[in-house]
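Structure file final_1.cif (mmCIF, C-alpha atoms) is printed below.
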```
data_start
loop_
_atom_site.label_atom_id
_atom_site.label_comp_id
_atom_site.auth_asym_id
_atom_site.auth_seq_id
_atom_site.Cartn_x
_atom_site.Cartn_y
_atom_site.Cartn_z
CA MET A 827 188.96 36.96 -2.84
CA SER A 828 189.38 35.89 0.77
CA LYS A 829 192.62 36.75 2.53
CA LYS A 830 195.13 33.89 2.84
CA VAL A 831 195.46 32.72 6.43
CA THR A 832 198.98 33.12 7.84
CA MET A 833 200.90 31.98 10.92
CA GLN A 834 200.49 35.50 12.29
CA ASP A 835 196.71 35.14 12.10
CA ILE A 836 196.90 32.00 14.23
CA ALA A 837 199.30 33.72 16.63
CA ASP A 838 196.95 36.71 17.00
CA CYS A 839 193.97 34.45 17.72
CA LEU A 840 195.88 32.57 20.42
CA ASN A 841 197.69 35.66 21.78
CA VAL A 842 201.13 34.11 21.29
CA SER A 843 204.16 34.95 19.13
CA ARG A 844 204.55 33.95 15.50
CA MET A 845 207.71 32.11 16.55
CA THR A 846 205.61 29.87 18.81
CA ILE A 847 203.40 28.96 15.86
CA SER A 848 206.41 28.29 13.63
CA LYS A 849 208.04 26.06 16.26
CA THR A 850 204.80 24.19 16.69
CA PHE A 851 204.61 23.26 13.01
CA LYS A 852 208.26 22.18 13.16
CA ASP A 853 207.34 19.90 16.10
CA ASP A 854 209.87 21.70 18.31
CA PRO A 855 210.22 19.96 21.72
CA ASP A 856 210.27 23.40 23.41
CA ILE A 857 206.54 23.73 22.69
CA SER A 858 204.22 21.90 25.09
CA SER A 859 201.80 19.28 23.82
CA GLU A 860 198.92 21.45 25.10
CA MET A 861 200.06 24.41 22.99
CA LYS A 862 200.60 22.18 19.95
CA GLU A 863 197.03 20.95 20.30
CA ARG A 864 195.67 24.52 20.59
CA VAL A 865 197.60 25.55 17.47
CA ARG A 866 196.46 22.47 15.55
CA LEU A 867 192.81 23.11 16.35
CA LYS A 868 193.02 26.83 15.53
CA ALA A 869 194.86 26.13 12.24
CA GLN A 870 192.17 23.64 11.29
CA GLU A 871 189.43 26.11 12.23
CA LEU A 872 190.96 28.90 10.13
CA GLY A 873 191.74 26.61 7.19
CA TYR A 874 195.50 27.09 7.45
CA LYS A 875 197.83 24.54 5.87
CA TYR A 876 201.54 24.51 6.64
CA THR A 877 203.53 24.50 3.39
CA LYS A 878 207.12 25.22 4.39
CA ASN A 879 207.94 21.57 5.07
CA ASP A 880 208.17 19.04 2.28
CA GLN A 881 204.77 17.81 1.23
CA TYR A 882 204.01 14.11 1.59
CA ASP A 883 201.27 12.02 0.05
CA LEU A 884 200.31 8.90 2.00
CA ILE A 885 197.89 6.03 1.46
CA VAL A 886 195.87 4.88 4.45
CA LEU A 887 194.54 1.32 4.10
CA VAL A 888 191.63 0.21 6.29
CA PRO A 889 189.75 -3.14 6.14
CA GLU A 890 186.12 -2.49 5.24
CA ILE A 891 184.90 -4.32 8.35
CA PHE A 892 186.60 -1.72 10.58
CA LEU A 893 184.65 1.13 9.02
CA ALA A 894 181.22 -0.42 9.52
CA GLU A 895 178.40 1.73 10.93
CA THR A 896 178.77 0.03 14.30
CA GLU A 897 182.52 0.74 14.43
CA ASP A 898 183.63 3.82 16.34
CA PHE A 899 187.25 3.24 17.32
CA TYR A 900 188.80 3.25 13.84
CA THR A 901 186.66 6.02 12.39
CA THR A 902 187.72 8.29 15.24
CA LEU A 903 191.35 7.15 15.00
CA TYR A 904 191.44 7.96 11.27
CA LYS A 905 189.96 11.39 12.03
CA ARG A 906 192.74 12.04 14.56
CA ILE A 907 195.39 10.90 12.06
CA ASN A 908 193.97 13.23 9.42
CA GLU A 909 193.92 16.17 11.86
CA ASN A 910 197.62 15.66 12.57
CA ALA A 911 198.44 15.17 8.90
CA VAL A 912 196.92 18.55 7.99
CA THR A 913 199.29 20.44 10.29
CA LYS A 914 202.34 18.65 8.84
CA ASN A 915 201.50 19.24 5.16
CA ILE A 916 200.58 15.59 4.60
CA ASN A 917 197.86 14.53 2.19
CA LEU A 918 196.04 11.31 3.00
CA LEU A 919 194.33 9.04 0.50
CA LEU A 920 191.93 6.67 2.28
CA LYS A 921 191.62 3.28 0.61
CA ILE A 922 189.00 0.91 2.05
CA VAL A 923 190.10 -2.66 1.38
CA SER A 924 187.32 -5.13 0.63
CA LYS A 925 187.32 -8.60 2.19
CA GLN A 926 187.76 -10.11 -1.25
CA ASP A 927 190.85 -8.02 -2.03
CA GLU A 928 192.34 -8.70 1.39
CA TYR A 929 191.83 -12.46 1.30
CA ASN A 930 193.14 -12.68 -2.26
CA ASP A 931 196.11 -10.37 -1.54
CA ILE A 932 195.02 -7.92 -4.23
CA THR A 933 196.67 -4.48 -4.05
CA ASN A 934 194.67 -2.75 -6.77
CA PHE A 935 195.70 0.80 -5.95
CA SER A 936 198.37 3.02 -7.47
CA VAL A 937 201.41 4.05 -5.43
CA ILE A 938 202.75 6.43 -8.09
CA GLY A 939 203.68 9.73 -6.46
CA LYS A 940 203.01 8.39 -2.96
CA HIS A 941 205.61 8.53 -0.19
CA GLY A 942 204.34 5.92 2.26
CA ILE A 943 201.52 3.65 3.42
CA MET A 944 199.75 3.43 6.78
CA MET A 945 197.77 0.26 7.51
CA LEU A 946 195.03 0.95 10.04
CA GLY A 947 193.48 -2.06 11.78
CA GLN A 948 194.64 -5.66 11.50
CA PHE A 949 195.00 -7.18 8.04
CA LYS A 950 195.72 -10.79 7.08
CA LYS A 951 199.48 -11.36 7.19
CA SER A 952 199.80 -12.35 3.54
CA PHE A 953 198.06 -9.11 2.50
CA VAL A 954 200.49 -7.08 4.64
CA ILE A 955 203.37 -8.86 2.91
CA ALA A 956 201.82 -8.04 -0.48
CA VAL A 957 201.61 -4.36 0.49
CA GLU A 958 205.18 -4.40 1.80
CA LYS A 959 206.36 -5.64 -1.60
CA LEU A 960 205.10 -2.39 -3.15
CA GLY A 961 208.32 -0.92 -1.78
CA LEU A 962 207.03 2.14 0.10
CA PRO A 963 207.73 2.99 3.77
CA LEU A 964 205.05 1.22 5.79
CA VAL A 965 203.64 1.57 9.31
CA CYS A 966 201.11 -0.73 11.01
CA ILE A 967 198.64 0.99 13.32
CA ASP A 968 196.85 -0.92 16.09
CA PHE A 969 198.25 -4.27 15.00
CA TYR A 970 201.58 -6.01 14.50
CA TYR A 971 203.18 -9.27 13.41
CA ASP A 972 206.26 -10.35 15.35
CA ASP A 973 207.89 -11.95 12.32
CA LEU A 974 207.47 -8.96 9.98
CA ASN A 975 210.10 -6.22 10.12
CA LEU A 976 207.68 -3.29 10.10
CA ASP A 977 207.23 -0.26 12.32
CA SER A 978 204.06 -0.47 14.41
CA ILE A 979 202.14 1.29 17.12
CA VAL A 980 199.65 -0.59 19.30
CA SER A 981 197.97 -0.44 22.67
CA ASN A 982 199.61 -2.61 25.31
CA ASN A 983 196.67 -4.98 25.13
CA TYR A 984 198.32 -7.73 27.16
CA ASN A 985 198.95 -5.45 30.14
CA ALA A 986 195.54 -3.82 29.74
CA GLY A 987 193.81 -7.22 30.00
CA TYR A 988 195.94 -7.96 33.04
CA VAL A 989 195.10 -4.64 34.74
CA ALA A 990 191.37 -4.99 34.02
CA THR A 991 191.28 -8.52 35.44
CA LYS A 992 193.25 -7.50 38.54
CA HIS A 993 190.68 -4.77 39.10
CA LEU A 994 187.89 -7.36 39.08
CA ILE A 995 189.85 -9.67 41.39
CA LYS A 996 190.49 -6.81 43.81
CA LEU A 997 186.73 -6.26 43.99
CA GLY A 998 186.15 -9.89 44.98
CA HIS A 999 185.41 -11.56 41.63
CA LYS A 1000 186.64 -15.17 41.47
CA GLU A 1001 184.95 -16.36 38.27
CA ILE A 1002 185.77 -14.16 35.28
CA GLY A 1003 184.78 -14.95 31.70
CA TYR A 1004 186.00 -13.49 28.42
CA VAL A 1005 183.99 -12.32 25.42
CA GLY A 1006 185.96 -12.31 22.18
CA SER A 1007 186.69 -14.74 19.36
CA ILE A 1008 190.22 -16.03 19.80
CA PRO A 1009 192.44 -15.55 17.84
CA SER A 1010 190.57 -13.23 15.43
CA THR A 1011 193.01 -10.38 16.04
CA ASN A 1012 196.20 -9.85 18.02
CA SER A 1013 194.42 -7.41 20.34
CA ILE A 1014 191.66 -9.92 21.21
CA LEU A 1015 194.25 -12.60 21.92
CA ASP A 1016 196.59 -10.33 23.91
CA ARG A 1017 193.76 -9.04 26.11
CA TYR A 1018 192.72 -12.60 26.84
CA LEU A 1019 196.29 -13.60 27.70
CA GLY A 1020 196.47 -10.66 30.12
CA LEU A 1021 193.39 -12.05 31.84
CA VAL A 1022 195.00 -15.49 32.10
CA LYS A 1023 198.16 -14.00 33.65
CA ALA A 1024 196.15 -12.26 36.37
CA LEU A 1025 194.26 -15.48 37.19
CA VAL A 1026 197.48 -17.50 37.35
CA GLU A 1027 199.11 -14.94 39.64
CA HIS A 1028 196.19 -15.20 42.06
CA ARG A 1029 196.09 -19.01 41.87
CA MET A 1030 192.61 -18.89 40.38
CA ASP A 1031 191.17 -21.36 37.86
CA HIS A 1032 192.50 -20.42 34.40
CA ASN A 1033 191.73 -23.73 32.69
CA ASN A 1034 187.94 -23.42 32.62
CA ILE A 1035 187.41 -19.80 31.58
CA HIS A 1036 184.06 -19.15 29.88
CA ILE A 1037 185.12 -17.83 26.44
CA LEU A 1038 182.21 -16.48 24.41
CA ASP A 1039 182.63 -15.80 20.68
CA ASP A 1040 181.49 -12.41 19.41
CA ARG A 1041 182.40 -12.64 15.70
CA SER A 1042 182.67 -15.07 12.82
CA ALA A 1043 185.86 -16.30 11.15
CA THR A 1044 185.55 -13.44 8.64
CA GLY A 1045 185.04 -10.79 11.31
CA GLU A 1046 181.27 -10.18 11.26
CA MET A 1047 179.57 -9.74 14.64
CA ILE A 1048 177.50 -12.76 15.73
CA ASP A 1049 174.94 -13.43 18.45
CA ILE A 1050 176.67 -14.04 21.79
CA LYS A 1051 175.72 -17.40 23.31
CA LEU A 1052 175.49 -17.28 27.09
CA PRO A 1053 176.54 -20.30 29.20
CA GLU A 1054 174.01 -21.88 31.56
CA LYS A 1055 176.08 -20.92 34.60
CA LEU A 1056 177.37 -17.38 34.44
CA PRO A 1057 180.62 -16.14 36.02
CA THR A 1058 180.41 -13.08 38.28
CA ALA A 1059 182.14 -10.92 35.66
CA PHE A 1060 183.04 -10.75 31.98
CA LEU A 1061 186.01 -9.02 30.39
CA CYS A 1062 185.01 -8.02 26.84
CA ASN A 1063 187.49 -7.39 24.02
CA ASN A 1064 185.88 -4.03 23.15
CA ASP A 1065 183.07 -1.69 24.19
CA HIS A 1066 180.74 -2.63 21.34
CA THR A 1067 180.87 -6.27 22.41
CA ALA A 1068 180.35 -5.23 26.05
CA TYR A 1069 177.33 -3.17 24.97
CA LEU A 1070 175.82 -6.13 23.08
CA LEU A 1071 176.51 -8.46 26.03
CA ILE A 1072 174.72 -6.15 28.46
CA GLN A 1073 171.72 -5.95 26.14
CA LYS A 1074 171.68 -9.74 25.90
CA LEU A 1075 171.85 -10.13 29.68
CA ASN A 1076 169.12 -7.53 30.23
CA LYS A 1077 166.75 -9.37 27.87
CA LYS A 1078 167.19 -12.49 29.96
CA GLY A 1079 166.44 -10.61 33.17
CA ILE A 1080 170.08 -10.65 34.30
CA HIS A 1081 171.06 -7.33 35.86
CA VAL A 1082 174.39 -5.61 35.26
CA PRO A 1083 176.21 -5.13 37.61
CA ASN A 1084 174.15 -6.69 40.43
CA ASP A 1085 174.18 -10.16 38.83
CA VAL A 1086 177.10 -9.92 36.44
CA SER A 1087 179.83 -7.28 36.09
CA VAL A 1088 181.19 -6.20 32.69
CA ILE A 1089 184.39 -4.42 31.58
CA GLY A 1090 185.01 -3.27 28.00
CA PHE A 1091 187.91 -1.82 26.01
CA ASP A 1092 188.60 1.36 23.98
CA ASP A 1093 186.35 3.96 25.72
CA VAL A 1094 184.22 4.61 22.63
CA ILE A 1095 180.63 5.84 22.40
CA TYR A 1096 179.12 2.44 23.32
CA SER A 1097 180.57 2.69 26.82
CA LYS A 1098 178.62 5.92 27.40
CA ILE A 1099 175.26 5.13 25.76
CA SER A 1100 175.00 1.78 27.53
CA ASN A 1101 172.71 1.36 30.52
CA PRO A 1102 174.57 1.04 32.80
CA GLN A 1103 177.56 2.95 31.44
CA ILE A 1104 180.50 0.61 30.95
CA THR A 1105 183.73 0.50 32.91
CA THR A 1106 186.41 0.32 30.23
CA MET A 1107 190.12 0.40 29.41
CA LYS A 1108 190.83 3.68 27.62
CA VAL A 1109 193.05 3.78 24.55
CA SER A 1110 194.34 7.25 23.63
CA ARG A 1111 193.49 7.53 19.95
CA LYS A 1112 194.80 11.10 19.90
CA TYR A 1113 198.27 10.06 21.05
CA MET A 1114 198.25 6.96 18.87
CA ALA A 1115 197.52 9.16 15.84
CA GLU A 1116 200.32 11.59 16.71
CA GLN A 1117 202.85 8.79 17.10
CA ALA A 1118 201.68 7.09 13.90
CA ILE A 1119 202.42 10.25 11.90
CA THR A 1120 205.81 10.57 13.62
CA LEU A 1121 206.62 6.94 12.76
CA ILE A 1122 205.78 7.20 9.06
CA LEU A 1123 207.70 10.48 8.63
CA ARG A 1124 210.69 8.93 10.40
CA ARG A 1125 210.61 5.96 8.02
CA ILE A 1126 210.15 8.17 4.92
CA LYS A 1127 213.12 10.37 5.82
CA ASN A 1128 215.38 7.39 6.54
CA ASN A 1129 214.18 4.03 5.27
CA LYS A 1130 217.18 2.30 6.90
CA THR A 1131 216.46 3.60 10.39
CA LYS A 1132 216.07 1.13 13.24
CA LEU A 1133 212.77 -0.76 13.50
CA LEU A 1134 210.47 0.76 16.09
CA ASN A 1135 207.46 -0.84 17.80
CA ILE A 1136 205.55 1.44 20.17
CA ASN A 1137 203.28 0.10 22.93
CA LEU A 1138 200.83 2.57 24.48
CA GLU A 1139 199.54 1.89 27.98
CA CYS A 1140 195.80 1.93 28.68
CA THR A 1141 194.03 3.41 31.70
CA ILE A 1142 190.91 2.14 33.43
CA ILE A 1143 187.81 4.35 33.34
CA ASN A 1144 185.47 3.39 36.16
CA ARG A 1145 181.76 3.70 35.43
CA ASP A 1146 178.71 1.70 36.54
CA SER A 1147 179.02 -1.81 35.11
CA VAL A 1148 181.18 -3.39 37.82
CA LYS A 1149 180.02 -4.44 41.29
CA ASP A 1150 182.22 -4.58 44.38
CA LEU A 1151 181.66 -8.05 45.87
CA ARG A 1152 183.77 -7.53 48.95
CA GLY A 1153 181.79 -7.81 52.14
#
```

Show me the file's structure as structure tokens.
Amino acid sequence: MSKKVTMQDIADCLNVSRMTISKTFKDDPDISSEMKERVRLKAQELGYKYTKNDQYDLIVLVPEIFLAETEDFYTTLYKRINENAVTKNINLLLKIVSKQDEYNDITNFSVIGKHGIMMLGQFKKSFVIAVEKLGLPLVCIDFYYDDLNLDSIVSNNYNAGYVATKHLIKLGHKEIGYVGSIPSTNSILDRYLGLVKALVEHRMDHNNIHILDDRSATGEMIDIKLPEKLPTAFLCNNDHTAYLLIQKLNKKGIHVPNDVSVIGFDDVIYSKISNPQITTMKVSRKYMAEQAITLILRRIKNNKTKLLNINLECTIINRDSVKDLRG
């Protein structure tokens, strides 16, 4: 029989005290985030599971469209959530919600013995309301509804769209299009509105923006239709769309970035495998996952606590898909 892994084993591997390991699992603020990450990774590697805290069983709901083969953001985000859950003695049950169940507001899963629900990726509002009626603590991850009193954590998509557009304007771009079906999701809409704000601030034309659809009304990706006259740059609602746009432009003999510049969102694998690699707005999935776990535990321990909506700022990652037009 293999020896049970203990906190001391983790401490020995990392050359720190057992007290440091114990404080880490208690989420003590005295322990740095870097040390917490080292402990988390080592605990996962050794197969250690913290059992001193109360054990929680959570349901994680994800729309099936967000776990498609071409989707990278949500699969990685769920992985990060699960990694954090392991170190806090939380068991996750992943439930993939079909389009049919979502659009018919069918919650055909048992909540017996469960302590809370995390909804990952935007769902139809009526489905969220149906889930809320199940009566468990609930947190929305990467989406929100202003008129629903639910905890949420999202990227600051509005400001990210604004920052990305200002970057293009600074580099001399005066005609900037947008690729994303509005208003498919809050994030697509908010990123577009950030673009509009930047154009208005610089007294640039915001009434005739080329808006190219990238998905159908039910969320499936569609062929991007290019306008006859192209702007000098496109802001895309995510990296996958930016990747598809660049491929489309290349097939028509339009070079990125010499002819058209492109910026994406999320900093997922598509931004790195693209040729050229894509300048993008990075969303910290690791931090989003950490805060999501903190939010749901906060709500479980006190269901009457004040509503909390967390906005995470994005940072620009400069690569090769944007041309400087100055001079």

Explicit residues for the PyMOL selection byres ((chain A and resi 1104-1112) around 9) (as a PyMOL selection string):
chain A and resi 899-900+902-904+906-907+981+986-987+989-990+1064-1065+1068-1069+1088-1094+1096-1103+1113-1117+1138-1148

I'd like the residues picked by the PyMOL selection byres ((chain A and resi 869-884) around 7) written out as a VMD selection string, using the chain letters and numbers from the file.
chain A and resid 831 to 832 836 865 to 868 885 to 886 912 to 919 940 to 943

What residues come out when you apply the PyMOL selection byres ((chain A and resi 1004) around 9) to this file, written as an NGL selection string?
:A and (1002-1003 or 1005-1006 or 1018 or 1021 or 1035-1039 or 1059-1063)

Residues from last step as file, C-alpha atoms, as a PDB file, in the frame of the given file:
```pdb
ATOM      1  CA  ILE A1002     185.770 -14.160  35.280  1.00  0.00           C
ATOM      2  CA  GLY A1003     184.780 -14.950  31.700  1.00  0.00           C
ATOM      3  CA  VAL A1005     183.990 -12.320  25.420  1.00  0.00           C
ATOM      4  CA  GLY A1006     185.960 -12.310  22.180  1.00  0.00           C
ATOM      5  CA  TYR A1018     192.720 -12.600  26.840  1.00  0.00           C
ATOM      6  CA  LEU A1021     193.390 -12.050  31.840  1.00  0.00           C
ATOM      7  CA  ILE A1035     187.410 -19.800  31.580  1.00  0.00           C
ATOM      8  CA  HIS A1036     184.060 -19.150  29.880  1.00  0.00           C
ATOM      9  CA  ILE A1037     185.120 -17.830  26.440  1.00  0.00           C
ATOM     10  CA  LEU A1038     182.210 -16.480  24.410  1.00  0.00           C
ATOM     11  CA  ASP A1039     182.630 -15.800  20.680  1.00  0.00           C
ATOM     12  CA  ALA A1059     182.140 -10.920  35.660  1.00  0.00           C
ATOM     13  CA  PHE A1060     183.040 -10.750  31.980  1.00  0.00           C
ATOM     14  CA  LEU A1061     186.010  -9.020  30.390  1.00  0.00           C
ATOM     15  CA  CYS A1062     185.010  -8.020  26.840  1.00  0.00           C
ATOM     16  CA  ASN A1063     187.490  -7.390  24.020  1.00  0.00           C
TER      17      ASN A1063
END
```

Work out how far CA of Arg1029 in chain A is from CA of Glu1054 in chain A, in Å to one decimal.
24.5 Å

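For Asp931 in chain A, the set of protein, DNA and RNA residues having any atom at most 8 Å away, when counting all atoms listed in the file and skipping those fewer than 2 positions along the same chain, is A:Asp927, A:Glu928, A:Tyr929, A:Thr933, A:Ser952, A:Phe953, A:Ala956.
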
Leaving out range 1081-1085 of chain A and any residue of its chain fewer than 2 positions from it, which residues lie within 7 Å of it when counting all atoms listed in the file, given as a PDB file with C-alpha atoms, keeping the file's coordinate frame?
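What follows is the written file result36.pdb:
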```pdb
ATOM      1  CA  THR A1058     180.410 -13.080  38.280  1.00  0.00           C
ATOM      2  CA  ILE A1072     174.720  -6.150  28.460  1.00  0.00           C
ATOM      3  CA  LEU A1075     171.850 -10.130  29.680  1.00  0.00           C
ATOM      4  CA  ASN A1076     169.120  -7.530  30.230  1.00  0.00           C
ATOM      5  CA  GLY A1079     166.440 -10.610  33.170  1.00  0.00           C
ATOM      6  CA  SER A1087     179.830  -7.280  36.090  1.00  0.00           C
ATOM      7  CA  SER A1147     179.020  -1.810  35.110  1.00  0.00           C
ATOM      8  CA  VAL A1148     181.180  -3.390  37.820  1.00  0.00           C
ATOM      9  CA  LYS A1149     180.020  -4.440  41.290  1.00  0.00           C
TER      10      LYS A1149
END
```

One decimal, in Å: what's the spacing between CA of Thr901 in chain A and CA of Ser924 in chain A?
16.2 Å

Please put the answer as AutoDock Vina command-line options: centre and edge lengths, in Å with one decimal, of a box along x, y and z that encloses all listed atoms of range 829-833 of chain A plus 8 Å on each side.
```
--center_x 196.8 --center_y 34.4 --center_z 6.7 --size_x 24.3 --size_y 20.8 --size_z 24.4
```

How far is it from CA of Tyr970 in chain A to CA of Phe892 in chain A, in Å with one decimal?
16.1 Å

Considering only C-alpha atoms, return as a list in words whatever protein or nucleic-acid residues lie within 9 Å of Met845 in chain A, sequence-local ones (same chain, fewer than 5 positions apart) excluded.
Met833, Ala837 and Thr850 of chain A

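For the residues A:Tyr971, A:Lys830, A:Ser978, A:Gly947, ranking by smallest atom-to-atom distance to Ile1119 in chain A using only C-alpha atoms places A:Ser978 first.
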
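Using only C-alpha atoms for every distance, the candidate list A:Leu1121, A:Leu1019, A:Leu994, A:Pro1009 yields A:Leu994 as the residue closest to Arg1152 in chain A.
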
May I have the residues at most 12 Å from (187.2, -2.3, 12.5) in the file's coordinates, counting all atoms listed in the file, as a ChimeraX atom specification?
/A:887-904,922-923,945-949,967-969,1010-1011,1013,1041,1044-1047,1064,1066

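Distances from A:Thr1120, A:Asn908, A:Asn1012, A:Ser1007 to Lys1051 in chain A were compared using only C-alpha atoms, and the smallest one belongs to A:Ser1007.
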